[in-house]
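What follows is the content of upload.cif (mmCIF, C-alpha atoms).
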```
data_entry
#
loop_
_atom_site.label_atom_id
_atom_site.label_comp_id
_atom_site.auth_asym_id
_atom_site.auth_seq_id
_atom_site.Cartn_x
_atom_site.Cartn_y
_atom_site.Cartn_z
CA MET A 1 -38.75 -28.62 -129.72
CA ALA A 2 -40.28 -30.40 -132.69
CA SER A 3 -39.85 -28.83 -136.10
CA THR A 4 -43.08 -27.25 -137.25
CA GLY A 5 -42.78 -26.12 -140.87
CA LYS A 6 -44.63 -23.17 -142.38
CA ALA A 7 -47.17 -24.50 -144.83
CA ARG A 8 -50.18 -22.34 -145.50
CA VAL A 9 -53.72 -23.47 -144.72
CA GLU A 10 -56.07 -22.01 -147.28
CA GLY A 11 -59.59 -20.96 -146.32
CA PRO A 12 -62.48 -19.12 -147.94
CA TYR A 13 -61.68 -15.78 -146.29
CA GLY A 14 -57.91 -15.95 -146.37
CA SER A 15 -55.23 -18.21 -145.00
CA SER A 16 -53.59 -18.99 -141.70
CA PRO A 17 -49.89 -18.20 -142.15
CA LEU A 18 -48.78 -21.38 -140.40
CA ASP A 19 -49.68 -25.03 -140.01
CA PRO A 20 -48.12 -26.02 -136.65
CA LEU A 21 -48.33 -29.72 -137.55
CA ALA A 22 -46.94 -29.47 -141.09
CA ALA A 23 -43.74 -31.41 -140.35
CA LEU A 24 -45.69 -34.15 -138.54
CA ARG A 25 -48.31 -34.89 -141.17
CA ALA A 26 -48.32 -38.24 -142.99
CA PRO A 27 -50.61 -39.79 -145.63
CA ASP A 28 -52.28 -42.17 -143.15
CA ASP A 29 -53.04 -39.46 -140.57
CA PRO A 30 -56.58 -38.99 -139.26
CA PRO A 31 -58.55 -36.55 -141.43
CA TRP A 32 -58.99 -34.16 -138.50
CA ASP A 33 -56.64 -32.76 -135.92
CA VAL A 34 -59.35 -32.06 -133.35
CA TYR A 35 -62.96 -33.17 -132.94
CA LEU A 36 -65.41 -31.60 -130.53
CA THR A 37 -69.13 -31.50 -129.90
CA GLY A 38 -71.45 -29.29 -127.87
CA THR A 39 -73.95 -26.46 -128.06
CA VAL A 40 -73.52 -23.42 -130.30
CA PHE A 41 -75.01 -20.23 -128.87
CA LEU A 42 -75.53 -16.86 -130.47
CA ASP A 43 -73.57 -14.57 -128.13
CA ILE A 44 -74.51 -10.93 -127.70
CA VAL A 45 -71.82 -9.16 -125.68
CA PHE A 46 -72.04 -5.72 -124.09
CA THR A 47 -68.77 -4.08 -123.02
CA GLY A 48 -67.77 -0.69 -121.66
CA LEU A 49 -70.15 -0.85 -118.71
CA ASP A 50 -68.94 1.21 -115.76
CA SER A 51 -70.48 -1.19 -113.26
CA ALA A 52 -72.88 -4.08 -112.94
CA PRO A 53 -76.46 -3.30 -114.03
CA VAL A 54 -78.61 -2.10 -111.14
CA ARG A 55 -82.19 -3.29 -110.73
CA GLY A 56 -84.73 -0.71 -111.79
CA THR A 57 -82.28 1.31 -113.88
CA GLU A 58 -81.15 1.37 -117.49
CA SER A 59 -77.47 0.83 -118.27
CA TRP A 60 -75.82 1.91 -121.51
CA ALA A 61 -72.84 0.00 -122.89
CA ARG A 62 -70.15 1.73 -124.94
CA GLY A 63 -69.56 -1.39 -127.03
CA MET A 64 -71.51 -4.36 -128.38
CA GLY A 65 -70.70 -7.42 -130.44
CA SER A 66 -72.49 -10.52 -131.73
CA SER A 67 -70.79 -13.80 -132.62
CA PRO A 68 -71.16 -17.58 -132.39
CA GLY A 69 -70.56 -18.78 -128.83
CA GLY A 70 -70.62 -21.89 -126.68
CA VAL A 71 -68.59 -24.69 -128.26
CA ALA A 72 -67.95 -22.35 -131.23
CA ASN A 73 -65.43 -20.50 -129.04
CA MET A 74 -63.19 -23.54 -128.82
CA ALA A 75 -63.72 -24.64 -132.43
CA THR A 76 -62.81 -21.23 -133.82
CA ALA A 77 -59.75 -20.86 -131.59
CA LEU A 78 -58.44 -24.25 -132.78
CA ALA A 79 -59.09 -23.50 -136.44
CA ARG A 80 -57.39 -20.09 -136.26
CA LEU A 81 -54.27 -21.77 -134.92
CA GLY A 82 -54.12 -23.91 -138.05
CA LEU A 83 -55.65 -27.14 -136.73
CA ARG A 84 -58.08 -29.07 -138.93
CA THR A 85 -61.19 -28.91 -136.78
CA SER A 86 -64.42 -30.92 -136.97
CA LEU A 87 -67.51 -29.90 -134.96
CA ALA A 88 -70.72 -31.79 -134.25
CA ALA A 89 -73.49 -29.47 -133.07
CA ALA A 90 -77.17 -28.73 -133.54
CA PHE A 91 -78.08 -25.43 -135.23
CA GLY A 92 -81.44 -23.71 -135.16
CA ASP A 93 -83.22 -23.13 -138.45
CA ASP A 94 -83.63 -19.43 -137.61
CA HIS A 95 -81.47 -16.53 -138.79
CA TYR A 96 -79.17 -16.87 -135.78
CA GLY A 97 -78.47 -20.50 -136.63
CA GLU A 98 -77.83 -19.65 -140.27
CA TYR A 99 -75.43 -16.88 -139.27
CA CYS A 100 -73.50 -19.15 -136.88
CA TRP A 101 -73.26 -21.96 -139.45
CA ASP A 102 -72.01 -19.60 -142.17
CA THR A 103 -69.50 -17.95 -139.85
CA LEU A 104 -68.01 -21.25 -138.70
CA GLU A 105 -68.03 -23.18 -141.96
CA GLN A 106 -67.40 -20.49 -144.56
CA GLY A 107 -65.60 -17.96 -142.39
CA GLU A 108 -63.39 -20.25 -140.30
CA GLY A 109 -63.08 -23.38 -142.42
CA ILE A 110 -64.48 -25.64 -139.67
CA ASP A 111 -65.87 -29.00 -140.81
CA LEU A 112 -69.58 -29.14 -139.96
CA SER A 113 -70.37 -32.42 -141.73
CA PRO A 114 -71.24 -34.06 -138.35
CA SER A 115 -73.55 -31.13 -137.50
CA ARG A 116 -77.24 -30.70 -138.30
CA THR A 117 -79.91 -28.03 -138.65
CA VAL A 118 -83.00 -28.82 -136.55
CA PRO A 119 -86.32 -27.70 -138.10
CA GLY A 120 -88.46 -25.66 -135.75
CA TRP A 121 -85.76 -25.36 -133.08
CA HIS A 122 -84.49 -21.90 -132.20
CA SER A 123 -80.87 -21.10 -131.52
CA PRO A 124 -79.77 -20.78 -127.88
CA VAL A 125 -78.79 -17.20 -127.00
CA THR A 126 -76.47 -15.77 -124.36
CA VAL A 127 -76.26 -12.10 -123.41
CA SER A 128 -72.92 -11.34 -121.74
CA MET A 129 -72.15 -8.09 -119.91
CA ALA A 130 -68.44 -7.39 -119.40
CA TYR A 131 -67.27 -4.97 -116.71
CA GLU A 132 -64.37 -4.66 -114.26
CA GLY A 133 -62.53 -7.50 -115.98
CA GLU A 134 -65.37 -9.97 -115.33
CA ARG A 135 -68.62 -10.89 -117.03
CA THR A 136 -72.22 -11.67 -116.13
CA MET A 137 -74.27 -13.82 -118.48
CA VAL A 138 -77.95 -14.54 -119.09
CA SER A 139 -78.78 -17.46 -121.39
CA HIS A 140 -81.91 -18.96 -122.92
CA GLY A 141 -82.33 -22.15 -124.90
CA HIS A 142 -83.85 -25.62 -125.07
CA GLU A 143 -82.29 -29.02 -125.63
CA PRO A 144 -82.57 -30.02 -129.30
CA PRO A 145 -84.63 -33.13 -130.00
CA PRO A 146 -82.58 -36.34 -130.20
CA GLU A 147 -81.30 -37.23 -133.62
CA GLU A 148 -82.91 -40.27 -135.25
CA PRO A 149 -81.20 -42.49 -136.13
CA ALA A 150 -78.43 -41.93 -133.60
CA PRO A 151 -75.28 -40.38 -135.14
CA ASP A 152 -72.30 -42.51 -136.04
CA CYS A 153 -69.20 -42.65 -133.85
CA PRO A 154 -67.04 -39.52 -133.87
CA PRO A 155 -64.66 -39.24 -136.84
CA ARG A 156 -61.04 -40.26 -136.49
CA ALA A 157 -58.97 -37.35 -135.14
CA ARG A 158 -55.62 -36.74 -133.46
CA ALA A 159 -57.36 -35.21 -130.46
CA ALA A 160 -60.73 -34.31 -128.98
CA VAL A 161 -61.72 -31.62 -126.49
CA ALA A 162 -64.39 -32.69 -124.02
CA SER A 163 -66.30 -30.79 -121.35
CA LEU A 164 -66.68 -33.28 -118.51
CA THR A 165 -70.03 -33.33 -116.71
CA PRO A 166 -70.17 -34.37 -113.03
CA GLY A 167 -72.26 -37.48 -112.57
CA ARG A 168 -72.63 -38.23 -116.27
CA GLY A 169 -70.45 -39.82 -118.92
CA ALA A 170 -70.54 -39.15 -122.67
CA PRO A 171 -70.20 -42.31 -124.80
CA TRP A 172 -68.48 -40.43 -127.64
CA ILE A 173 -65.45 -39.72 -125.43
CA ALA A 174 -64.67 -43.41 -124.94
CA GLN A 175 -65.31 -44.02 -128.65
CA ALA A 176 -62.90 -41.25 -129.65
CA ALA A 177 -60.24 -42.54 -127.24
CA ARG A 178 -60.54 -46.07 -128.64
CA LYS A 179 -59.91 -44.62 -132.11
CA GLY A 180 -56.64 -43.13 -130.88
CA ALA A 181 -57.71 -39.55 -130.11
CA ARG A 182 -55.88 -37.78 -127.30
CA ILE A 183 -58.59 -36.40 -125.00
CA PHE A 184 -58.26 -32.95 -123.39
CA GLY A 185 -60.86 -32.39 -120.69
CA ASP A 186 -62.14 -29.29 -118.99
CA VAL A 187 -64.96 -28.99 -116.47
CA GLY A 188 -67.48 -26.48 -115.18
CA TRP A 189 -68.64 -25.63 -111.68
CA ASP A 190 -70.15 -28.58 -109.79
CA ASP A 191 -73.57 -27.27 -108.79
CA SER A 192 -74.15 -30.36 -106.65
CA GLY A 193 -71.33 -29.29 -104.35
CA GLN A 194 -69.94 -32.84 -104.15
CA TRP A 195 -66.65 -32.15 -105.95
CA ASP A 196 -65.87 -35.83 -106.28
CA LEU A 197 -63.46 -36.92 -109.04
CA ALA A 198 -65.24 -40.29 -109.09
CA ARG A 199 -68.23 -38.40 -110.53
CA LEU A 200 -66.15 -37.54 -113.62
CA PRO A 201 -66.21 -41.00 -115.24
CA ASP A 202 -64.64 -39.81 -118.49
CA LEU A 203 -61.55 -38.42 -116.74
CA ARG A 204 -59.93 -41.84 -117.13
CA TYR A 205 -59.83 -41.30 -120.92
CA CYS A 206 -58.14 -37.90 -120.68
CA GLU A 207 -54.50 -37.20 -121.42
CA ALA A 208 -54.83 -33.73 -119.92
CA PHE A 209 -57.26 -32.09 -117.49
CA LEU A 210 -57.49 -28.29 -117.40
CA PRO A 211 -59.57 -26.91 -114.49
CA ASN A 212 -59.23 -23.49 -112.92
CA ALA A 213 -57.68 -23.07 -109.49
CA GLN A 214 -60.93 -23.16 -107.50
CA GLU A 215 -62.17 -26.24 -109.32
CA ALA A 216 -58.84 -28.03 -108.92
CA MET A 217 -58.61 -27.33 -105.18
CA ARG A 218 -62.19 -28.38 -104.52
CA TYR A 219 -61.80 -31.63 -106.45
CA THR A 220 -58.58 -32.53 -104.61
CA GLY A 221 -59.36 -31.12 -101.16
CA THR A 222 -56.16 -29.05 -101.19
CA ASP A 223 -55.64 -25.39 -100.30
CA CYS A 224 -52.96 -24.65 -102.93
CA PRO A 225 -53.41 -24.74 -106.73
CA ARG A 226 -49.96 -26.25 -107.26
CA ALA A 227 -50.66 -29.00 -104.75
CA ALA A 228 -53.98 -29.57 -106.50
CA ALA A 229 -52.24 -29.99 -109.86
CA ARG A 230 -49.87 -32.55 -108.40
CA ALA A 231 -52.75 -34.43 -106.79
CA LEU A 232 -54.66 -34.51 -110.06
CA THR A 233 -51.83 -36.40 -111.74
CA ASP A 234 -52.91 -39.42 -109.71
CA HIS A 235 -55.91 -39.48 -112.04
CA VAL A 236 -54.68 -38.02 -115.34
CA PRO A 237 -51.20 -37.83 -116.95
CA VAL A 238 -51.12 -34.04 -117.39
CA ALA A 239 -52.80 -31.53 -115.06
CA VAL A 240 -53.00 -27.85 -116.01
CA VAL A 241 -54.42 -25.41 -113.46
CA THR A 242 -55.21 -21.85 -114.53
CA LEU A 243 -54.48 -19.23 -111.89
CA GLY A 244 -56.20 -16.14 -113.29
CA ALA A 245 -53.97 -13.08 -113.04
CA GLU A 246 -51.12 -15.29 -111.77
CA GLY A 247 -50.91 -17.34 -114.97
CA ALA A 248 -50.98 -21.14 -114.97
CA TYR A 249 -49.20 -24.15 -113.50
CA ALA A 250 -48.86 -27.63 -115.04
CA VAL A 251 -47.48 -31.04 -114.12
CA ASP A 252 -46.73 -33.93 -116.49
CA ARG A 253 -46.63 -37.21 -114.54
CA ARG A 254 -45.03 -39.15 -117.38
CA THR A 255 -42.00 -36.92 -117.90
CA GLY A 256 -41.75 -35.37 -114.44
CA GLU A 257 -41.93 -31.89 -115.99
CA THR A 258 -43.51 -29.00 -114.11
CA ALA A 259 -44.08 -25.52 -115.49
CA SER A 260 -45.24 -22.21 -114.07
CA VAL A 261 -45.85 -19.31 -116.44
CA PRO A 262 -47.08 -15.86 -115.33
CA ALA A 263 -49.98 -14.17 -117.05
CA ILE A 264 -49.37 -11.45 -119.63
CA GLU A 265 -50.72 -8.10 -118.47
CA VAL A 266 -53.18 -6.66 -120.98
CA GLU A 267 -56.11 -4.28 -120.92
CA ALA A 268 -59.08 -6.64 -121.11
CA LEU A 269 -62.05 -5.56 -123.20
CA ASP A 270 -64.05 -8.78 -122.94
CA PRO A 271 -62.97 -12.03 -121.20
CA THR A 272 -65.66 -14.13 -122.90
CA GLY A 273 -64.13 -17.32 -124.29
CA ALA A 274 -60.63 -16.73 -122.91
CA GLY A 275 -60.63 -20.10 -121.17
CA ASP A 276 -61.51 -21.85 -124.43
CA VAL A 277 -58.70 -20.04 -126.25
CA PHE A 278 -56.28 -21.12 -123.50
CA VAL A 279 -57.25 -24.78 -123.98
CA ALA A 280 -56.93 -24.43 -127.77
CA GLY A 281 -53.42 -23.03 -127.40
CA PHE A 282 -52.41 -25.86 -125.09
CA VAL A 283 -53.85 -28.49 -127.44
CA THR A 284 -51.95 -26.94 -130.36
CA GLY A 285 -48.63 -27.03 -128.53
CA THR A 286 -49.22 -30.58 -127.32
CA LEU A 287 -50.03 -31.95 -130.78
CA ALA A 288 -46.96 -30.14 -132.14
CA GLY A 289 -44.75 -31.81 -129.52
CA TRP A 290 -43.55 -28.70 -127.68
CA PRO A 291 -42.09 -28.75 -124.15
CA LEU A 292 -44.61 -28.28 -121.34
CA ALA A 293 -43.49 -24.74 -120.45
CA ASP A 294 -43.78 -23.60 -124.09
CA ARG A 295 -47.27 -25.07 -124.34
CA LEU A 296 -48.31 -23.25 -121.17
CA ALA A 297 -46.80 -19.94 -122.28
CA PHE A 298 -48.42 -20.18 -125.71
CA ALA A 299 -51.83 -20.96 -124.20
CA GLY A 300 -51.57 -17.95 -121.90
CA LEU A 301 -50.48 -15.70 -124.75
CA THR A 302 -53.38 -16.67 -127.02
CA ALA A 303 -55.84 -16.14 -124.15
CA ALA A 304 -54.33 -12.71 -123.38
CA LEU A 305 -54.63 -11.63 -127.00
CA SER A 306 -58.25 -12.80 -127.13
CA VAL A 307 -59.52 -10.63 -124.27
CA GLN A 308 -58.56 -7.48 -126.15
CA GLU A 309 -61.34 -8.06 -128.71
CA PHE A 310 -65.14 -8.31 -128.57
CA GLY A 311 -66.89 -11.64 -128.33
CA GLY A 312 -65.83 -15.20 -127.59
CA SER A 313 -65.21 -17.12 -130.80
CA LEU A 314 -64.27 -14.21 -133.05
CA SER A 315 -61.83 -12.74 -130.54
CA ALA A 316 -59.51 -15.75 -130.92
CA PRO A 317 -56.13 -14.78 -132.39
CA GLY A 318 -54.52 -16.23 -135.50
CA TRP A 319 -50.84 -16.58 -136.30
CA THR A 320 -50.72 -13.12 -137.86
CA GLU A 321 -51.64 -11.54 -134.54
CA ILE A 322 -49.30 -13.81 -132.59
CA GLY A 323 -46.42 -12.85 -134.89
CA ALA A 324 -47.30 -9.16 -134.65
CA TRP A 325 -47.27 -9.37 -130.84
CA TRP A 326 -43.88 -11.09 -130.82
CA ARG A 327 -42.29 -8.46 -133.06
CA ARG A 328 -43.86 -5.62 -131.10
CA VAL A 329 -42.72 -6.73 -127.63
CA ARG A 330 -39.15 -7.22 -128.84
CA SER A 331 -39.08 -3.65 -130.16
CA VAL A 332 -40.07 -2.07 -126.83
CA GLU A 333 -37.10 -0.73 -124.89
CA GLY A 334 -36.55 -1.89 -121.34
CA GLN A 335 -38.21 -5.29 -121.70
CA ASP A 336 -37.30 -7.86 -119.06
CA PRO A 337 -34.81 -10.19 -120.83
CA SER A 338 -36.04 -13.23 -118.90
CA ALA A 339 -39.62 -12.54 -120.01
CA LEU A 340 -38.52 -12.31 -123.65
CA ARG A 341 -36.61 -15.58 -123.32
CA ARG A 342 -39.79 -17.28 -122.10
CA TYR A 343 -41.40 -16.60 -125.51
CA ALA A 344 -38.27 -17.05 -127.62
CA PHE A 345 -39.70 -20.29 -128.99
CA LEU A 346 -42.01 -18.12 -131.13
CA ALA A 347 -39.03 -17.01 -133.20
CA GLY A 348 -38.91 -20.47 -134.78
CA LEU A 349 -42.64 -20.53 -135.41
CA VAL A 350 -43.99 -17.29 -136.78
CA PRO A 351 -43.03 -16.29 -140.33
CA GLY A 352 -40.73 -13.32 -140.71
CA GLU A 353 -42.93 -11.71 -143.34
CA LEU A 354 -46.66 -12.31 -143.03
CA GLY A 355 -47.71 -10.52 -146.20
CA ARG A 356 -51.24 -9.11 -146.21
CA PRO A 357 -53.11 -9.43 -142.91
CA TRP A 358 -55.25 -12.53 -142.55
CA PRO A 359 -58.82 -11.15 -142.63
CA LEU A 360 -60.13 -12.55 -139.36
CA ARG A 361 -63.82 -11.97 -138.79
CA ARG A 362 -64.68 -9.97 -135.70
CA ALA A 363 -67.87 -9.71 -133.68
CA VAL A 364 -70.22 -7.08 -135.09
CA PRO A 365 -72.94 -5.06 -133.32
CA THR A 366 -75.72 -6.26 -135.63
CA ILE A 367 -75.87 -9.44 -137.68
CA GLY A 368 -77.76 -9.75 -140.92
CA PHE A 369 -76.08 -7.12 -143.11
CA ARG A 370 -75.18 -8.32 -146.56
CA ARG A 371 -71.52 -9.13 -147.02
CA PRO A 372 -69.78 -6.67 -149.38
CA ALA A 373 -69.27 -8.07 -152.87
#
```
Written as structure tokens, that's how I'd like the structure from this file.
Amino acid sequence: MASTGKARVEGPYGSSPLDPLAALRAPDDPPWDVYLTGTVFLDIVFTGLDSAPVRGTESWARGMGSSPGGVANMATALARLGLRTSLAAAFGDDHYGEYCWDTLEQGEGIDLSPSRTVPGWHSPVTVSMAYEGERTMVSHGHEPPPEEPAPDCPPRARAAVASLTPGRGAPWIAQAARKGARIFGDVGWDDSGQWDLARLPDLRYCEAFLPNAQEAMRYTGTDCPRAAARALTDHVPVAVVTLGAEGAYAVDRRTGETASVPAIEVEALDPTGAGDVFVAGFVTGTLAGWPLADRLAFAGLTAALSVQEFGGSLSAPGWTEIGAWWRRVRSVEGQDPSALRRYAFLAGLVPGELGRPWPLRRAVPTIGFRRPA
């Protein structure tokens, strides 16, 4: 495993206790570890519902939270793991947009210099209802007007995270790859029903592709997630298939490595954004040079910690929480020794003494209150 170091990354609301790339940094490095672009939503999440809402009735939720969502989930998860993160997005000039901008830039230390506020454009909104370990979402928004003149090429970065769109390429992905960025791609459901990898033109730029089991099997025509992962390596060097409650499976074509890591059992409060946190954890481990199995275990751990909090972006864990989890599980009697060994790599990562807790922002029921002085 690569040495990681333990430098501190200072931010306006506190500091991440660990920079996972500290030992790898050099003066001529790209200014950013990860670049990403997409749509920022204002997420309003209801939790504690006993069942799905029924037409013609009123349902009361026992919990509620508001936070930036959409691409903000991934950006925040990356930043909280100590990666220098740059985000290009459009923000509405309403209160929601102002809140999301402040939370990401001032609260999380995310670079928003490639982003813009669009006059007269309102922020997209998603209402998410979490129940029975799943979620149902209703969204509203409009495409922002095109920027004139067109924005410059993406900034130089070690990596970029891209959501691949069936049937459509994104020029910035090829531009980022030509600048040396390692591209990590995920994908959504193919509403066309074609499930043809040829309709993902930007997959050829990706170092890693991270679909869920259903997506992977449909794209490869296989009936087994592990077979799907192996088939995907004909198109991309690293394939990572998430298996829900069964964990995740990955194959690295270049090294011949395979890894299968079970999921960590937790009581899920809100699964919003867990997939984004998983990708952020895998990107972090990859850039730090960890073995495939460690990267997969770390991604699953960060996702498991995230579902125990409200909201998507602001549920993402930082190193303080990761360290607290590692110390706690080792103190519980009767732990499976093999399970503890799977996460033993954390012992060389998390600081022994974390000092005061890192003040991570959390989703709040109502936005707009003045911050305490």
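Computed from the coordinates, the CA of Ala208 (chain A) to CA of Ala176 (chain A) distance equals 14.7 Å.
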* To do: Using the chain letters and numbers from the file, give me the residues hit by the PyMOL selection byres ((chain A and resi 37-49) around 8), as a ChimeraX atom specification.
  => /A:35-36,50-52,59-72,87-91,96-97,100,123-131,162,269-270,310-312
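If only C-alpha atoms are the atoms counted, then among A:Pro237, A:Pro291, A:Pro151, A:Pro166 the closest residue to Ile183 (chain A) is A:Pro237.
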* Write out as an MDAnalysis selection string each polymer residue whose atoms come within 10 Å of Ala227 (chain A), counting only C-alpha atoms; drop sequence neighbours fewer than 5 positions from it. => chainID A and resid 216:217 220:222 232
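In this structure, CA of Thr57 (chain A) sits 17.7 Å away from CA of Met137 (chain A).
For the residues A:Asp152, A:Asp276, A:Glu207, A:Glu147, ranking by smallest atom-to-atom distance to Val251 (chain A) using all atoms listed in the file places A:Glu207 first.
For the structure shown here, the set of residues caught by the PyMOL selection byres ((chain A and resi 110) around 7) is A:Ala79, A:Thr85, A:Ser86, A:Leu104, A:Glu105, A:Glu108, A:Gly109, A:Asp111, A:Leu112.
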* Would you list the residues near (-62.2, -27.9, -109.6) (no more than 12 Å away, in the coordinates of the file, using only C-alpha atoms) as a PyMOL selection string? => chain A and resi 164-166+186-191+193-197+200+209-225+228-229+231-232+239-243
* Evaluate the PyMOL selection byres ((chain A and resi 282-290) around 9) on the structure here and hand back the selected residues as a PyMOL selection string. => chain A and resi 1-4+20-24+33-34+78+81-83+158-159+161+182+184+277-281+291-300
* **Residue contacts of Pro31 (chain A) (8 Å, all atoms listed in the file) excluding same-chain residues fewer than 5 positions away, as a ChimeraX atom specification** => /A:84,156-157
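Comparing A:Gly256, A:Pro262, A:Gly185, A:His142 by their smallest distance to Val236 (chain A), the closest is A:Gly185 (using all atoms listed in the file).
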* Asked: Just how far from CA of Pro317 (chain A) is CA of Gly141 (chain A), in Å to one decimal?
  -> 28.2 Å
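Nearest to Ser306 (chain A) of all the residues A:Val329, A:Ala77, A:Ala245, A:Ala160 is A:Ala77, counting all atoms listed in the file.
Comparing A:Gly348, A:Thr136, A:Gly318, A:Arg230 by their smallest distance to Glu257 (chain A), the closest is A:Arg230 (using only C-alpha atoms).
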For region 327-333 of chain A of the block above, can you save all heavy atoms as a PDB file, in the first residue's frame?
```
ATOM      1  N   ARG A 327     -12.225   2.659  15.375  1.00  0.00           N
ATOM      2  CA  ARG A 327     -11.939   2.417  16.786  1.00  0.00           C
ATOM      3  C   ARG A 327     -13.113   1.720  17.472  1.00  0.00           C
ATOM      4  O   ARG A 327     -12.926   0.851  18.320  1.00  0.00           O
ATOM      5  CB  ARG A 327     -11.623   3.742  17.489  1.00  0.00           C
ATOM      6  CG  ARG A 327     -10.259   4.312  17.105  1.00  0.00           C
ATOM      7  CD  ARG A 327      -9.876   5.463  18.020  1.00  0.00           C
ATOM      8  NE  ARG A 327     -10.832   6.549  17.927  1.00  0.00           N
ATOM      9  CZ  ARG A 327     -10.797   7.482  16.979  1.00  0.00           C
ATOM     10  NH1 ARG A 327      -9.864   7.447  16.046  1.00  0.00           N
ATOM     11  NH2 ARG A 327     -11.680   8.460  16.949  1.00  0.00           N
ATOM     12  N   ARG A 328     -14.318   2.084  17.091  1.00  0.00           N
ATOM     13  CA  ARG A 328     -15.494   1.511  17.740  1.00  0.00           C
ATOM     14  C   ARG A 328     -15.639   0.028  17.424  1.00  0.00           C
ATOM     15  O   ARG A 328     -15.893  -0.790  18.314  1.00  0.00           O
ATOM     16  CB  ARG A 328     -16.754   2.274  17.314  1.00  0.00           C
ATOM     17  CG  ARG A 328     -18.014   1.826  18.041  1.00  0.00           C
ATOM     18  CD  ARG A 328     -19.170   2.777  17.791  1.00  0.00           C
ATOM     19  NE  ARG A 328     -19.577   2.798  16.392  1.00  0.00           N
ATOM     20  CZ  ARG A 328     -19.381   3.803  15.558  1.00  0.00           C
ATOM     21  NH1 ARG A 328     -18.753   4.891  15.978  1.00  0.00           N
ATOM     22  NH2 ARG A 328     -19.795   3.747  14.307  1.00  0.00           N
ATOM     23  N   VAL A 329     -15.486  -0.358  16.152  1.00  0.00           N
ATOM     24  CA  VAL A 329     -15.695  -1.775  15.804  1.00  0.00           C
ATOM     25  C   VAL A 329     -14.618  -2.665  16.429  1.00  0.00           C
ATOM     26  O   VAL A 329     -14.880  -3.821  16.764  1.00  0.00           O
ATOM     27  CB  VAL A 329     -15.745  -1.983  14.279  1.00  0.00           C
ATOM     28  CG1 VAL A 329     -16.922  -1.265  13.678  1.00  0.00           C
ATOM     29  CG2 VAL A 329     -14.448  -1.561  13.612  1.00  0.00           C
ATOM     30  N   ARG A 330     -13.428  -2.139  16.615  1.00  0.00           N
ATOM     31  CA  ARG A 330     -12.376  -2.950  17.239  1.00  0.00           C
ATOM     32  C   ARG A 330     -12.617  -3.149  18.725  1.00  0.00           C
ATOM     33  O   ARG A 330     -12.076  -4.079  19.319  1.00  0.00           O
ATOM     34  CB  ARG A 330     -11.014  -2.296  17.020  1.00  0.00           C
ATOM     35  CG  ARG A 330     -10.494  -2.428  15.588  1.00  0.00           C
ATOM     36  CD  ARG A 330      -9.115  -1.819  15.460  1.00  0.00           C
ATOM     37  NE  ARG A 330      -9.156  -0.395  15.750  1.00  0.00           N
ATOM     38  CZ  ARG A 330      -8.071   0.331  16.038  1.00  0.00           C
ATOM     39  NH1 ARG A 330      -6.878  -0.240  16.120  1.00  0.00           N
ATOM     40  NH2 ARG A 330      -8.181   1.623  16.250  1.00  0.00           N
ATOM     41  N   SER A 331     -13.421  -2.273  19.326  1.00  0.00           N
ATOM     42  CA  SER A 331     -13.666  -2.374  20.766  1.00  0.00           C
ATOM     43  C   SER A 331     -14.842  -3.291  21.106  1.00  0.00           C
ATOM     44  O   SER A 331     -15.062  -3.605  22.272  1.00  0.00           O
ATOM     45  CB  SER A 331     -13.937  -0.977  21.343  1.00  0.00           C
ATOM     46  OG  SER A 331     -15.179  -0.472  20.873  1.00  0.00           O
ATOM     47  N   VAL A 332     -15.591  -3.714  20.100  1.00  0.00           N
ATOM     48  CA  VAL A 332     -16.760  -4.564  20.332  1.00  0.00           C
ATOM     49  C   VAL A 332     -16.314  -6.021  20.453  1.00  0.00           C
ATOM     50  O   VAL A 332     -15.622  -6.540  19.578  1.00  0.00           O
ATOM     51  CB  VAL A 332     -17.789  -4.416  19.190  1.00  0.00           C
ATOM     52  CG1 VAL A 332     -18.961  -5.381  19.399  1.00  0.00           C
ATOM     53  CG2 VAL A 332     -18.294  -2.980  19.129  1.00  0.00           C
ATOM     54  N   GLU A 333     -16.704  -6.664  21.532  1.00  0.00           N
ATOM     55  CA  GLU A 333     -16.324  -8.058  21.742  1.00  0.00           C
ATOM     56  C   GLU A 333     -17.030  -8.966  20.748  1.00  0.00           C
ATOM     57  O   GLU A 333     -18.164  -8.714  20.336  1.00  0.00           O
ATOM     58  CB  GLU A 333     -16.659  -8.485  23.180  1.00  0.00           C
ATOM     59  CG  GLU A 333     -15.835  -7.772  24.246  1.00  0.00           C
ATOM     60  CD  GLU A 333     -16.135  -8.296  25.639  1.00  0.00           C
ATOM     61  OE1 GLU A 333     -16.928  -9.257  25.730  1.00  0.00           O
ATOM     62  OE2 GLU A 333     -15.580  -7.754  26.602  1.00  0.00           O
TER      63      GLU A 333
END
```
